[in-house]
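These notes are about the structure you will find just below.
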Amino acid sequence: MQKKALAEGKLDQRQVELLSELPLGEMTETSAPWQQAYQDAKEYVCTFGSLQQIPEDYRGKSGKKLKSWILNQRRAMRAGKLSAEKIQKLDAIGFDWRDAKKAAGFYSERQKFFCHSL
């Protein structure tokens, strides 16, 4: 929020000075709660291989329900409210942007194909 106000020239000199004293990392769009949930997603991928079929009540270290957080990321993306930085981070862990039902069907079909090919 402060970055937007700064860019629009809505901050007084004292506010600009206070912001300039913050470490650069604190001025990024990726908030600490989002980053914590992202870390949960990343750890889930490392443990289980993908973000598919996450139990409804699964919570990561952040305490957030991971499945709900993932659905919110998809909604934000469709609404154009997810920053390029967040999209890039999610893409890096193999985030599937399709809705859950379509994604589950895709992975189910892919699994059948590979299992029958063995």
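Chain identifiers are assigned as A, B, and so on, following the order in which chains appear in the structure tokens; residues are numbered from 1 within each chain, and ligands are numbered from 1 in order of appearance.
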
Which polymer residues have any atom within 12 Å of an atom of A:Arg78, counting only C-alpha atoms, with same-chain residues fewer than 5 positions away left out, as a VMD selection string?
chain A and resid 71 to 73 83 87 97 to 99

Just to confirm, what's the straight-line distance from atom CA of A:Thr47 to atom CA of A:Gly60 in Å (one decimal)?
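About the pair atom CA of A:Thr47 and atom CA of A:Gly60: they are 11.9 Å apart.
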
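If you measure from each of A:Lys61, A:Lys81, A:Arg74, A:Arg14 to A:Lys42 using only C-alpha atoms, the closest one turns out to be A:Lys61.
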
When you draw a straight line from atom CA of A:Phe95 to atom CA of A:Leu51, how long is it in Å?
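So the answer is 7.0 Å.
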
Residues at most 12 Å from A:Lys89, counting only C-alpha atoms, excluding those fewer than 2 positions away in the same chain, as a ChimeraX atom specification?
/A:30,34-35,37-39,41-42,73,82-87,91-95

Would you write out those residues with all heavy atoms, as a short mmCIF file (atom, residue, chain, number, x, y, z; two decimals), in the first residue's frame?
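Dumped to again-v5.cif:
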```cif
data_model
loop_
_atom_site.label_atom_id
_atom_site.label_comp_id
_atom_site.auth_asym_id
_atom_site.auth_seq_id
_atom_site.Cartn_x
_atom_site.Cartn_y
_atom_site.Cartn_z
N THR A 30 5.42 -9.08 -2.02
CA THR A 30 5.16 -10.37 -1.41
C THR A 30 5.22 -10.21 0.10
O THR A 30 6.28 -10.15 0.69
CB THR A 30 6.20 -11.41 -1.89
OG1 THR A 30 6.21 -11.40 -3.31
CG2 THR A 30 5.85 -12.79 -1.40
N TRP A 34 1.85 -14.06 3.00
CA TRP A 34 1.82 -14.75 1.70
C TRP A 34 3.07 -15.60 1.55
O TRP A 34 3.00 -16.75 1.12
CB TRP A 34 1.72 -13.75 0.55
CG TRP A 34 1.47 -14.43 -0.77
CD1 TRP A 34 0.25 -14.65 -1.34
CD2 TRP A 34 2.44 -15.01 -1.66
NE1 TRP A 34 0.41 -15.33 -2.53
CE2 TRP A 34 1.75 -15.56 -2.75
CE3 TRP A 34 3.82 -15.11 -1.64
CZ2 TRP A 34 2.38 -16.20 -3.81
CZ3 TRP A 34 4.47 -15.75 -2.69
CH2 TRP A 34 3.75 -16.29 -3.76
N GLN A 35 4.21 -15.05 1.91
CA GLN A 35 5.48 -15.76 1.78
C GLN A 35 5.48 -17.01 2.66
O GLN A 35 5.98 -18.06 2.25
CB GLN A 35 6.65 -14.83 2.15
CG GLN A 35 8.01 -15.43 1.90
CD GLN A 35 8.27 -15.76 0.44
OE1 GLN A 35 7.84 -15.07 -0.46
NE2 GLN A 35 8.98 -16.84 0.20
N ALA A 37 2.82 -18.81 3.58
CA ALA A 37 1.93 -19.79 2.95
C ALA A 37 2.60 -20.38 1.71
O ALA A 37 2.47 -21.58 1.44
CB ALA A 37 0.59 -19.15 2.59
N TYR A 38 3.31 -19.55 0.96
CA TYR A 38 4.05 -20.04 -0.20
C TYR A 38 5.10 -21.07 0.23
O TYR A 38 5.27 -22.10 -0.41
CB TYR A 38 4.72 -18.87 -0.94
CG TYR A 38 5.72 -19.32 -1.97
CD1 TYR A 38 5.29 -19.83 -3.20
CD2 TYR A 38 7.08 -19.25 -1.72
CE1 TYR A 38 6.21 -20.27 -4.14
CE2 TYR A 38 8.01 -19.69 -2.67
CZ TYR A 38 7.56 -20.19 -3.87
OH TYR A 38 8.47 -20.63 -4.80
N GLN A 39 5.76 -20.79 1.33
CA GLN A 39 6.76 -21.74 1.85
C GLN A 39 6.10 -23.06 2.22
O GLN A 39 6.64 -24.13 1.96
CB GLN A 39 7.48 -21.13 3.07
CG GLN A 39 8.70 -21.90 3.49
CD GLN A 39 9.78 -21.94 2.43
OE1 GLN A 39 10.00 -21.00 1.68
NE2 GLN A 39 10.47 -23.06 2.33
N ALA A 41 3.46 -24.28 0.75
CA ALA A 41 3.18 -24.93 -0.53
C ALA A 41 4.44 -25.58 -1.09
O ALA A 41 4.42 -26.71 -1.58
CB ALA A 41 2.60 -23.93 -1.52
N LYS A 42 5.53 -24.87 -1.00
CA LYS A 42 6.81 -25.36 -1.50
C LYS A 42 7.23 -26.63 -0.75
O LYS A 42 7.66 -27.62 -1.35
CB LYS A 42 7.85 -24.26 -1.32
CG LYS A 42 9.13 -24.44 -2.06
CD LYS A 42 9.93 -23.16 -1.92
CE LYS A 42 11.35 -23.33 -2.34
NZ LYS A 42 12.14 -22.13 -2.16
N GLN A 73 -5.29 -18.28 -4.52
CA GLN A 73 -4.30 -17.83 -5.51
C GLN A 73 -4.88 -17.95 -6.92
O GLN A 73 -4.69 -17.07 -7.75
CB GLN A 73 -3.01 -18.64 -5.39
CG GLN A 73 -2.34 -18.56 -4.04
CD GLN A 73 -2.31 -17.17 -3.44
OE1 GLN A 73 -1.71 -16.26 -4.00
NE2 GLN A 73 -2.96 -16.99 -2.31
N LEU A 82 -3.11 -10.85 -8.85
CA LEU A 82 -1.90 -11.50 -8.37
C LEU A 82 -0.70 -10.89 -9.09
O LEU A 82 -0.67 -10.81 -10.31
CB LEU A 82 -1.99 -13.00 -8.65
CG LEU A 82 -1.16 -13.94 -7.81
CD1 LEU A 82 -1.50 -13.81 -6.33
CD2 LEU A 82 -1.37 -15.38 -8.25
N SER A 83 0.27 -10.43 -8.33
CA SER A 83 1.43 -9.76 -8.93
C SER A 83 2.27 -10.73 -9.76
O SER A 83 2.24 -11.95 -9.55
CB SER A 83 2.31 -9.15 -7.83
OG SER A 83 2.98 -10.17 -7.11
N ALA A 84 3.03 -10.18 -10.67
CA ALA A 84 3.93 -10.97 -11.51
C ALA A 84 4.94 -11.72 -10.64
O ALA A 84 5.30 -12.86 -10.94
CB ALA A 84 4.64 -10.08 -12.51
N GLU A 85 5.37 -11.10 -9.57
CA GLU A 85 6.33 -11.73 -8.65
C GLU A 85 5.74 -13.00 -8.04
O GLU A 85 6.39 -14.05 -8.00
CB GLU A 85 6.70 -10.73 -7.54
CG GLU A 85 7.62 -11.29 -6.48
CD GLU A 85 7.84 -10.34 -5.32
OE1 GLU A 85 7.23 -9.25 -5.27
OE2 GLU A 85 8.63 -10.72 -4.43
N LYS A 86 4.48 -12.92 -7.61
CA LYS A 86 3.83 -14.09 -7.01
C LYS A 86 3.58 -15.17 -8.05
O LYS A 86 3.79 -16.36 -7.78
CB LYS A 86 2.53 -13.68 -6.33
CG LYS A 86 2.76 -12.84 -5.08
CD LYS A 86 1.46 -12.40 -4.46
CE LYS A 86 1.71 -11.55 -3.23
NZ LYS A 86 0.47 -11.06 -2.63
N ILE A 87 3.15 -14.79 -9.22
CA ILE A 87 2.90 -15.75 -10.30
C ILE A 87 4.20 -16.50 -10.62
O ILE A 87 4.21 -17.72 -10.76
CB ILE A 87 2.34 -15.05 -11.55
CG1 ILE A 87 0.94 -14.52 -11.26
CG2 ILE A 87 2.35 -15.98 -12.76
CD1 ILE A 87 0.40 -13.57 -12.31
N ASP A 91 4.72 -20.43 -10.27
CA ASP A 91 5.12 -21.20 -11.45
C ASP A 91 6.37 -22.04 -11.17
O ASP A 91 6.48 -23.17 -11.63
CB ASP A 91 5.38 -20.28 -12.64
CG ASP A 91 4.12 -19.79 -13.32
OD1 ASP A 91 3.03 -20.38 -13.09
OD2 ASP A 91 4.21 -18.81 -14.08
N ALA A 92 7.27 -21.49 -10.38
CA ALA A 92 8.54 -22.17 -10.09
C ALA A 92 8.34 -23.48 -9.33
O ALA A 92 9.18 -24.38 -9.42
CB ALA A 92 9.47 -21.24 -9.31
N ILE A 93 7.24 -23.60 -8.59
CA ILE A 93 6.99 -24.85 -7.86
C ILE A 93 5.95 -25.73 -8.57
O ILE A 93 5.42 -26.67 -8.00
CB ILE A 93 6.58 -24.60 -6.38
CG1 ILE A 93 5.28 -23.81 -6.28
CG2 ILE A 93 7.71 -23.94 -5.62
CD1 ILE A 93 4.68 -23.77 -4.88
N GLY A 94 5.66 -25.39 -9.81
CA GLY A 94 4.74 -26.21 -10.61
C GLY A 94 3.27 -25.99 -10.29
O GLY A 94 2.46 -26.90 -10.44
N PHE A 95 2.93 -24.79 -9.87
CA PHE A 95 1.54 -24.48 -9.53
C PHE A 95 0.65 -24.68 -10.75
O PHE A 95 0.98 -24.27 -11.85
CB PHE A 95 1.44 -23.02 -9.06
CG PHE A 95 0.14 -22.68 -8.39
CD1 PHE A 95 -0.02 -22.87 -7.04
CD2 PHE A 95 -0.91 -22.16 -9.12
CE1 PHE A 95 -1.22 -22.55 -6.42
CE2 PHE A 95 -2.11 -21.85 -8.51
CZ PHE A 95 -2.26 -22.04 -7.15
#
```
